[in-house]
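Trainee: What follows is a structure written as structure tokens; I'll ask about it next.
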There are 2 protein chains.
Amino acid sequence: MSEVRNIDTRERILDAAERLFMAHGYEGTSMRQITGDAAVNLAAVNYHFGSKESLMQEVFRRRLDWLNEERLRVLDEMERAAAGKPLKPSQIVDGFFGTLLRLADDDQRGGIVFLRLLGRTHTEPSEFIRTFLADEYAGVMERYQQALFRALPDVPRAEIVWRFHFMLGATSYAIAGTDALRLVADWKIEEADTVDRNDRLVPRLMSFLLGGLRAPLPQFKAAGATDSRAA
Amino acid sequence: MSEVRNIDTRERILDAAERLFMAHGYEGTSMRQITGDAAVNLAAVNYHFGSKESLMQEVFRRRLDWLNEERLRVLDEMERAAAGKPLKPSQIVDGFFGTLLRLADDDQRGGIVFLRLLGRTHTEPSEFIRTFLADEYAGVMERYQQALFRALPDVPRAEIVWRFHFMLGATSYAIAGTDALRLVADWKIEEADTVDRNDRLVPRLMSFLLGGLRAPLPQFKAAGATDSRAA
DNA sequence: GTATCATTAAAACAAACGTATGAATTATCT
DNA sequence: AGATAATTCATACGTTTGTTTTAATGATAC
């Protein structure tokens with residue numbers, strides 16, 4: 001109880017910022033909200049992080065560094081076990097998205113709060129956030145893409161890249177979990193909702209992602225066609 | 001050229017707001033940016049719409065009213081043609097998402113600007129936006145859900161609802177098109193990108209969505225299991 | 001033409017924003 | 001203990017925010 005110092009302040013700011021950015025977005029969250037929530041002085045953010053932008057970046061770095069290293073570790077392990085043979089698509093998808101989704105139960109690494117923040121931030125309009133995330137993901141993205149290329153040699157690479165994109169979208173949206181469109185009507189009746197919502201979301205999403213990834217290739221219309229109405 | 005009056009002002013404000021909300025988000029866009037871009041007086045927004053929030057709602061209502069009516073019209077037409085028999089999943093998906101995606105080429109109804117705005121707004125944190133969108137979608141959502149229930153009688157309804165959610169996420173993300181994670185590396189080389197990016201996105205996304213919708217049902221672990229690590 | 005209404009214009013409002021300052025306080029080290 | 005560095009604090013800075021106000025301008029009807 002003598003070792004803890006101001007480190008406390010930094011962490012409390014990061015925790016509060018994580019919560020508030022998740023709930024109200026970057027632009028929608030003020031420094032005074034953050035420092036108020038964290039019970040620290042207003043000037044503490046600029047002292048410890050320099051600016052609001054830098055704080056935002058640190059909020060993500062704190063979690064993403066571990067996540068993406070873990071993703072690479074898992075991929076390395078799987079490729080080692082495969083001994084040169086291509087991985088199964090389900091393995092790759094689980095390595096990337098499963099590793100992410102299992103964060104939901106790991107409160108020490110952000111839990112659902114960070115997960116939802118991340119899901120929402122993927123469509124964040126702010127330029128500096130997008131470029132920051134792009135850099136943060138660059139390495140792991142490249143590796144998983146290559147793994148998919150090897151796993152699906154018959155699928156055009158452009159197609160795989162797109163489907164990776166689609167999988168990211170479905171996942172982001174699922175974990176953002178805004179209930180934006182309140183899809184639920186009366187289906188709650190059909191199953192005990194509160195209990196297993198999160199337990200069951202992961203296998204459900206995984207099935208969906210794999211189904212999409214392995215879907216039949218699309219048939220393109222004749223090149224240059226401008227109307228796409230008739231069958 | 002004598003009939004146009006202040007109507008012009010309203011439309012110019014809506015157009016500028018649509019563009020700017022798309023580019024910088026709701027919180028990230030100021031009234032002065034909007035009125036400056038629209039070349040109207042600052043007070044015009046509050047005069048014509050009452051507040052920034054009401055402006056935002058009008059930006060969406062202007063486009064969504066038509067879109068969702070069209071979706072219902074298309075569904076009615078398909079069900080009429082089916083004469084009591086269940087529709088094919090591909091028809092339903094095309095009716096909902098195809099109708100949306102075809103907006104991209106319809107500049108009079110918002111084009112890609114509105115499409116991207118809509119994609120981004122689905123994960124918008126602001127409460128009033130989410131509840132507004134939920135109300136705006138309620139009717140059409142219910143109808144399409146029912147159609148899917150009939151089309152896939154063997155799939156549990158809860159599963160269908162989730163997959164609808166996932167499809168929405170993949171679509172939102174695809175049309176938001178932030179390139180947030182800059183998936184592209186060197187795959188541009190493999191196809192003439194600029195030409196057909198949008199032409200080909202639609203069939204690609206459709207294949208993905210249908211593949212996910214018709215994927216094998218997930219296997220759930222034993223109920224109450226807290227660890228999900230081992231195979 | 002004059003009265004009546006709708007719209008636009010310029011200016012001001014208080015409140016909230018991110019950031020910076022300088023003194024007070026606390027911890028660390030010799 | 002005393003010096004030095006690190007951190008916290010209250011406060012203020014200059015902008016920018018959404019909204020309001022009051023006057024000027026435009027169009028429409030009698």
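Following the order of the structure tokens, first chain is A, next is B, and so on, with residues numbered from 1 inside each chain and ligands from 1 in the order they appear.
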Counting only C-alpha atoms (C1' of nucleotides), which residues of chain D come no farther than 8 Å from chain A, as a PyMOL selection string?

Mentor: chain D and resi 7-9

Trainee: Next, dump the selected residues to file, keeping only N, CA and C atoms (P, O5', C5', C4', C3', O3' and C1' of nucleotides), as a PDB file, in the first residue's frame.

Mentor:
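Result file follows (out.pdb):
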ATOM      1  P    DT D   7       4.866  12.073 -11.969  1.00  0.00           P
ATOM      2  O5'  DT D   7       3.662  12.880 -11.314  1.00  0.00           O
ATOM      3  C5'  DT D   7       3.179  12.478 -10.039  1.00  0.00           C
ATOM      4  C4'  DT D   7       2.346  13.576  -9.418  1.00  0.00           C
ATOM      5  C3'  DT D   7       1.004  13.852 -10.087  1.00  0.00           C
ATOM      6  O3'  DT D   7      -0.010  13.257  -9.291  1.00  0.00           O
ATOM      7  C1'  DT D   7       2.056  15.812  -9.241  1.00  0.00           C
ATOM      8  P    DT D   8      -1.506  13.254  -9.799  1.00  0.00           P
ATOM      9  O5'  DT D   8      -2.079  14.552  -9.065  1.00  0.00           O
ATOM     10  C5'  DT D   8      -2.180  14.577  -7.647  1.00  0.00           C
ATOM     11  C4'  DT D   8      -2.535  15.972  -7.190  1.00  0.00           C
ATOM     12  C3'  DT D   8      -3.916  16.464  -7.643  1.00  0.00           C
ATOM     13  O3'  DT D   8      -4.713  16.718  -6.499  1.00  0.00           O
ATOM     14  C1'  DT D   8      -2.240  18.131  -7.944  1.00  0.00           C
ATOM     15  P    DC D   9      -6.276  16.942  -6.721  1.00  0.00           P
ATOM     16  O5'  DC D   9      -6.381  18.535  -6.725  1.00  0.00           O
ATOM     17  C5'  DC D   9      -5.884  19.270  -5.603  1.00  0.00           C
ATOM     18  C4'  DC D   9      -5.761  20.741  -5.930  1.00  0.00           C
ATOM     19  C3'  DC D   9      -6.996  21.345  -6.588  1.00  0.00           C
ATOM     20  O3'  DC D   9      -7.811  21.938  -5.586  1.00  0.00           O
ATOM     21  C1'  DC D   9      -4.910  22.175  -7.516  1.00  0.00           C
TER      22       DC D   9
END

Trainee: Can you tell me which residues surround A:Leu72 at a distance of at most 8 Å, considering only C-alpha atoms (C1' of nucleotides), apart from same-chain residues fewer than 4 positions away, and format the answer as a list of chain:residue names?

Mentor: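 The filter keeps A:Asn68, A:Asp76, A:Val140, A:Arg143.
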
Trainee: Write the residues of the selection above to a file with N, CA, C and O atoms, as a compact mmCIF listing (two decimals), in the first residue's frame.

Mentor:
# COMPACT_ATOMS: atom_id res chain seq x y z
N ASN A 68 -3.81 -7.39 -30.33
CA ASN A 68 -3.22 -7.74 -31.62
C ASN A 68 -1.99 -8.62 -31.46
O ASN A 68 -1.72 -9.47 -32.33
N ASP A 76 0.46 -17.67 -34.99
CA ASP A 76 1.74 -18.36 -35.02
C ASP A 76 1.61 -19.80 -34.53
O ASP A 76 2.07 -20.74 -35.17
N VAL A 140 -1.27 -7.07 -38.02
CA VAL A 140 -2.09 -8.26 -37.80
C VAL A 140 -3.01 -8.51 -38.99
O VAL A 140 -3.28 -9.66 -39.36
N ARG A 143 -1.14 -10.28 -41.84
CA ARG A 143 -0.88 -11.70 -41.56
C ARG A 143 -2.14 -12.56 -41.74
O ARG A 143 -2.09 -13.64 -42.33

Trainee: List every residue of chain C that has an atom at most 12 Å from any atom of chain B, giving for each one its closest atom pair and the distance in Å to one decimal, counting only C-alpha atoms (C1' of nucleotides), sorted by chain and then by ascending residue number, as a tab-separated table.

Mentor:
residue	atom	partner	partner_atom	distance
C:DA6	C1'	B:Asn6	CA	9.4
C:DT7	C1'	B:Asn6	CA	7.3
C:DT8	C1'	B:Asn41	CA	7.2
C:DA9	C1'	B:Asn41	CA	7.0
C:DA10	C1'	B:Asn41	CA	9.3
C:DA11	C1'	B:Ala43	CA	11.2

Trainee: Compile the residues of chain B that lie within 6 Å of chain A, evaluated using only C-alpha atoms, and express the compilation as an MDAnalysis selection string.

Mentor: chainID B and resid 24:25 27 120 123 125 130 134 166 169:170 173 180:182 203:204 207:208 211:212 215 218

Trainee: Write to file, as a PDB file, in the first residue's frame, the residues of the selection just made, with C-alpha atoms.

Mentor:
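See again-v9.pdb below for the written result:
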ATOM      1  CA  HIS B  24     -17.639  14.728 -39.462  1.00  0.00           C
ATOM      2  CA  GLY B  25     -20.518  13.229 -37.529  1.00  0.00           C
ATOM      3  CA  GLU B  27     -21.303  16.294 -32.740  1.00  0.00           C
ATOM      4  CA  ARG B 120     -22.181   5.539 -39.857  1.00  0.00           C
ATOM      5  CA  THR B 123     -23.428   3.029 -34.473  1.00  0.00           C
ATOM      6  CA  PRO B 125     -23.769   7.010 -29.717  1.00  0.00           C
ATOM      7  CA  ARG B 130     -30.829   5.925 -32.037  1.00  0.00           C
ATOM      8  CA  ALA B 134     -35.598   2.807 -34.194  1.00  0.00           C
ATOM      9  CA  PHE B 166     -25.423  -9.271 -38.505  1.00  0.00           C
ATOM     10  CA  GLY B 169     -23.846  -4.636 -39.523  1.00  0.00           C
ATOM     11  CA  ALA B 170     -21.999  -5.944 -42.537  1.00  0.00           C
ATOM     12  CA  TYR B 173     -19.920  -1.067 -42.448  1.00  0.00           C
ATOM     13  CA  ALA B 180     -10.995   2.586 -41.237  1.00  0.00           C
ATOM     14  CA  LEU B 181      -8.680  -0.374 -41.223  1.00  0.00           C
ATOM     15  CA  ARG B 182      -7.265   0.114 -44.677  1.00  0.00           C
ATOM     16  CA  PRO B 203     -23.298  -8.556 -55.653  1.00  0.00           C
ATOM     17  CA  ARG B 204     -20.340  -9.263 -53.403  1.00  0.00           C
ATOM     18  CA  SER B 207     -23.470 -13.210 -51.679  1.00  0.00           C
ATOM     19  CA  PHE B 208     -21.922 -12.683 -48.296  1.00  0.00           C
ATOM     20  CA  GLY B 211     -24.150 -17.115 -47.148  1.00  0.00           C
ATOM     21  CA  GLY B 212     -24.346 -15.890 -43.585  1.00  0.00           C
ATOM     22  CA  ALA B 215     -25.151 -20.850 -42.640  1.00  0.00           C
ATOM     23  CA  PRO B 218     -24.345 -22.919 -34.362  1.00  0.00           C
TER      24      PRO B 218
END

Trainee: Mind checking which residues fall within 12 Å of C:DT30, counting only C-alpha atoms (C1' of nucleotides), ignoring those fewer than 5 positions away in the same chain, and posting them as a list in words?

Mentor: DA1, DG2, DA3 and DT4 of chain D

Trainee: Once DSSP has gone over the backbone, tell me which residues of stretch 1-227 of chain A are in helix (DSSP H, G or I), as a PyMOL selection string.

Mentor: chain A and resi 7-24+31-38+44-48+52-82+89-105+107-109+111-121+127-151+157-176+187-190+193-213

Trainee: Please save C-alpha atoms of the selected residues as a compact mmCIF listing (two decimals), in the first residue's frame.

Mentor:
# COMPACT_ATOMS: atom_id res chain seq x y z
CA ILE A 7 -0.33 5.71 -11.57
CA ASP A 8 -3.75 5.57 -10.08
CA THR A 9 -4.65 8.88 -11.66
CA ARG A 10 -3.63 7.81 -15.13
CA GLU A 11 -5.60 4.59 -14.92
CA ARG A 12 -8.66 6.27 -13.50
CA ILE A 13 -8.62 8.77 -16.34
CA LEU A 14 -8.27 6.01 -18.90
CA ASP A 15 -11.09 4.01 -17.37
CA ALA A 16 -13.43 6.97 -17.25
CA ALA A 17 -12.53 8.02 -20.78
CA GLU A 18 -13.12 4.49 -22.03
CA ARG A 19 -16.57 4.41 -20.47
CA LEU A 20 -17.56 7.86 -21.65
CA PHE A 21 -16.17 7.57 -25.17
CA MET A 22 -18.14 4.37 -25.45
CA ALA A 23 -21.34 5.97 -24.21
CA HIS A 24 -21.18 9.35 -25.94
CA MET A 31 -12.70 16.80 -20.59
CA ARG A 32 -14.77 17.94 -17.65
CA GLN A 33 -16.96 14.88 -17.85
CA ILE A 34 -13.92 12.65 -17.92
CA THR A 35 -12.07 14.27 -15.06
CA GLY A 36 -15.28 14.58 -13.10
CA ASP A 37 -16.06 10.91 -13.56
CA ALA A 38 -12.51 9.95 -12.66
CA ALA A 44 -4.65 16.10 -15.04
CA VAL A 45 -5.49 14.94 -18.56
CA ASN A 46 -3.27 17.49 -20.24
CA TYR A 47 -0.55 16.83 -17.70
CA HIS A 48 -0.53 13.07 -18.15
CA LYS A 52 -7.63 14.98 -25.64
CA GLU A 53 -6.51 13.36 -28.87
CA SER A 54 -3.55 11.72 -27.21
CA LEU A 55 -5.81 10.49 -24.45
CA MET A 56 -8.08 8.86 -26.99
CA GLN A 57 -5.13 7.14 -28.62
CA GLU A 58 -3.86 5.88 -25.28
CA VAL A 59 -7.30 4.51 -24.44
CA PHE A 60 -7.03 2.32 -27.50
CA ARG A 61 -3.36 1.52 -27.33
CA ARG A 62 -3.73 0.19 -23.81
CA ARG A 63 -6.10 -2.51 -25.05
CA LEU A 64 -5.19 -3.03 -28.69
CA ASP A 65 -1.52 -3.68 -28.14
CA TRP A 66 -2.32 -6.80 -26.16
CA LEU A 67 -5.18 -7.86 -28.39
CA ASN A 68 -3.22 -7.74 -31.62
CA GLU A 69 -0.19 -9.39 -30.11
CA GLU A 70 -2.44 -12.15 -28.87
CA ARG A 71 -3.92 -12.51 -32.31
CA LEU A 72 -0.48 -12.88 -33.81
CA ARG A 73 0.54 -15.33 -31.09
CA VAL A 74 -2.53 -17.47 -31.76
CA LEU A 75 -1.89 -17.42 -35.48
CA ASP A 76 1.74 -18.36 -35.02
CA GLU A 77 0.73 -21.25 -32.81
CA MET A 78 -1.83 -22.52 -35.28
CA GLU A 79 0.55 -22.30 -38.20
CA ARG A 80 3.23 -24.08 -36.23
CA ALA A 81 0.80 -26.89 -35.44
CA ALA A 82 -0.27 -27.09 -39.08
CA PRO A 89 -10.96 -20.94 -42.48
CA SER A 90 -12.76 -21.58 -39.21
CA GLN A 91 -9.45 -21.53 -37.38
CA ILE A 92 -8.46 -18.22 -38.90
CA VAL A 93 -11.81 -16.62 -38.22
CA ASP A 94 -11.69 -17.82 -34.64
CA GLY A 95 -8.16 -16.56 -34.22
CA PHE A 96 -9.09 -13.09 -35.30
CA PHE A 97 -12.70 -12.60 -34.24
CA GLY A 98 -12.87 -15.17 -31.48
CA THR A 99 -9.90 -13.65 -29.75
CA LEU A 100 -11.64 -10.31 -29.95
CA LEU A 101 -14.99 -11.55 -28.72
CA ARG A 102 -13.54 -13.42 -25.79
CA LEU A 103 -12.44 -10.03 -24.47
CA ALA A 104 -16.05 -9.56 -23.43
CA ASP A 105 -15.51 -11.70 -20.37
CA ASP A 107 -12.78 -7.20 -17.48
CA GLN A 108 -9.11 -6.65 -16.81
CA ARG A 109 -8.59 -6.07 -20.50
CA GLY A 111 -14.46 -6.24 -21.12
CA ILE A 112 -17.61 -5.32 -22.95
CA VAL A 113 -17.03 -1.63 -22.40
CA PHE A 114 -13.94 -1.58 -24.57
CA LEU A 115 -15.51 -4.02 -26.98
CA ARG A 116 -18.44 -1.73 -27.59
CA LEU A 117 -16.18 1.28 -27.82
CA LEU A 118 -14.12 -0.48 -30.46
CA GLY A 119 -17.19 -1.53 -32.39
CA ARG A 120 -18.44 2.00 -32.54
CA THR A 121 -15.14 3.55 -33.35
CA GLU A 127 -9.79 11.45 -39.29
CA PHE A 128 -7.09 11.05 -36.66
CA ILE A 129 -8.90 8.11 -35.06
CA ARG A 130 -9.23 6.25 -38.33
CA THR A 131 -5.61 6.66 -39.31
CA PHE A 132 -4.52 5.71 -35.83
CA LEU A 133 -6.56 2.53 -35.92
CA ALA A 134 -5.31 1.71 -39.39
CA ASP A 135 -1.71 1.84 -38.18
CA GLU A 136 -2.54 -0.14 -35.08
CA TYR A 137 -4.11 -2.92 -37.14
CA ALA A 138 -1.77 -2.94 -40.10
CA GLY A 139 0.48 -5.80 -39.04
CA VAL A 140 -2.09 -8.26 -37.80
CA MET A 141 -4.33 -7.55 -40.76
CA GLU A 142 -1.66 -8.41 -43.25
CA ARG A 143 -0.88 -11.70 -41.56
CA TYR A 144 -4.48 -12.88 -41.30
CA GLN A 145 -5.16 -11.90 -44.87
CA GLN A 146 -2.25 -13.99 -46.04
CA ALA A 147 -3.51 -16.91 -43.99
CA LEU A 148 -6.91 -16.64 -45.64
CA PHE A 149 -5.34 -16.48 -49.07
CA ARG A 150 -3.65 -19.79 -48.38
CA ALA A 151 -6.74 -21.33 -46.83
CA ARG A 157 -7.93 -12.41 -53.29
CA ALA A 158 -10.01 -9.32 -53.84
CA GLU A 159 -13.02 -11.34 -52.82
CA ILE A 160 -11.37 -12.45 -49.62
CA VAL A 161 -10.41 -8.91 -48.73
CA TRP A 162 -13.96 -7.77 -49.20
CA ARG A 163 -15.34 -10.58 -47.13
CA PHE A 164 -12.90 -9.77 -44.39
CA HIS A 165 -14.35 -6.30 -44.51
CA PHE A 166 -17.88 -7.63 -44.27
CA MET A 167 -16.96 -9.86 -41.35
CA LEU A 168 -15.49 -6.89 -39.56
CA GLY A 169 -18.66 -4.95 -40.12
CA ALA A 170 -20.95 -7.65 -38.83
CA THR A 171 -18.75 -8.07 -35.77
CA SER A 172 -18.39 -4.37 -35.06
CA TYR A 173 -22.09 -3.91 -35.24
CA ALA A 174 -22.81 -6.91 -33.09
CA ILE A 175 -20.51 -5.82 -30.31
CA ALA A 176 -21.41 -2.16 -30.56
CA TRP A 187 -38.74 -12.94 -29.79
CA LYS A 188 -37.52 -12.50 -26.24
CA ILE A 189 -40.31 -14.79 -25.22
CA GLU A 190 -38.73 -17.65 -27.04
CA ASP A 193 -32.65 -13.72 -22.85
CA THR A 194 -30.63 -12.16 -20.11
CA VAL A 195 -28.83 -15.33 -19.19
CA ASP A 196 -27.16 -16.41 -22.36
CA ARG A 197 -27.24 -13.41 -24.60
CA ASN A 198 -23.50 -13.02 -24.55
CA ASP A 199 -22.74 -16.73 -24.25
CA ARG A 200 -24.67 -17.47 -27.37
CA LEU A 201 -23.76 -14.42 -29.39
CA VAL A 202 -20.27 -15.69 -30.09
CA PRO A 203 -21.16 -19.04 -31.69
CA ARG A 204 -24.01 -17.37 -33.53
CA LEU A 205 -21.78 -14.73 -34.96
CA MET A 206 -19.10 -17.26 -35.82
CA SER A 207 -21.54 -19.36 -37.80
CA PHE A 208 -22.70 -16.32 -39.66
CA LEU A 209 -19.18 -15.13 -40.45
CA LEU A 210 -18.09 -18.53 -41.73
CA GLY A 211 -21.23 -18.86 -43.79
CA GLY A 212 -20.52 -15.53 -45.41
CA LEU A 213 -16.86 -16.23 -45.91
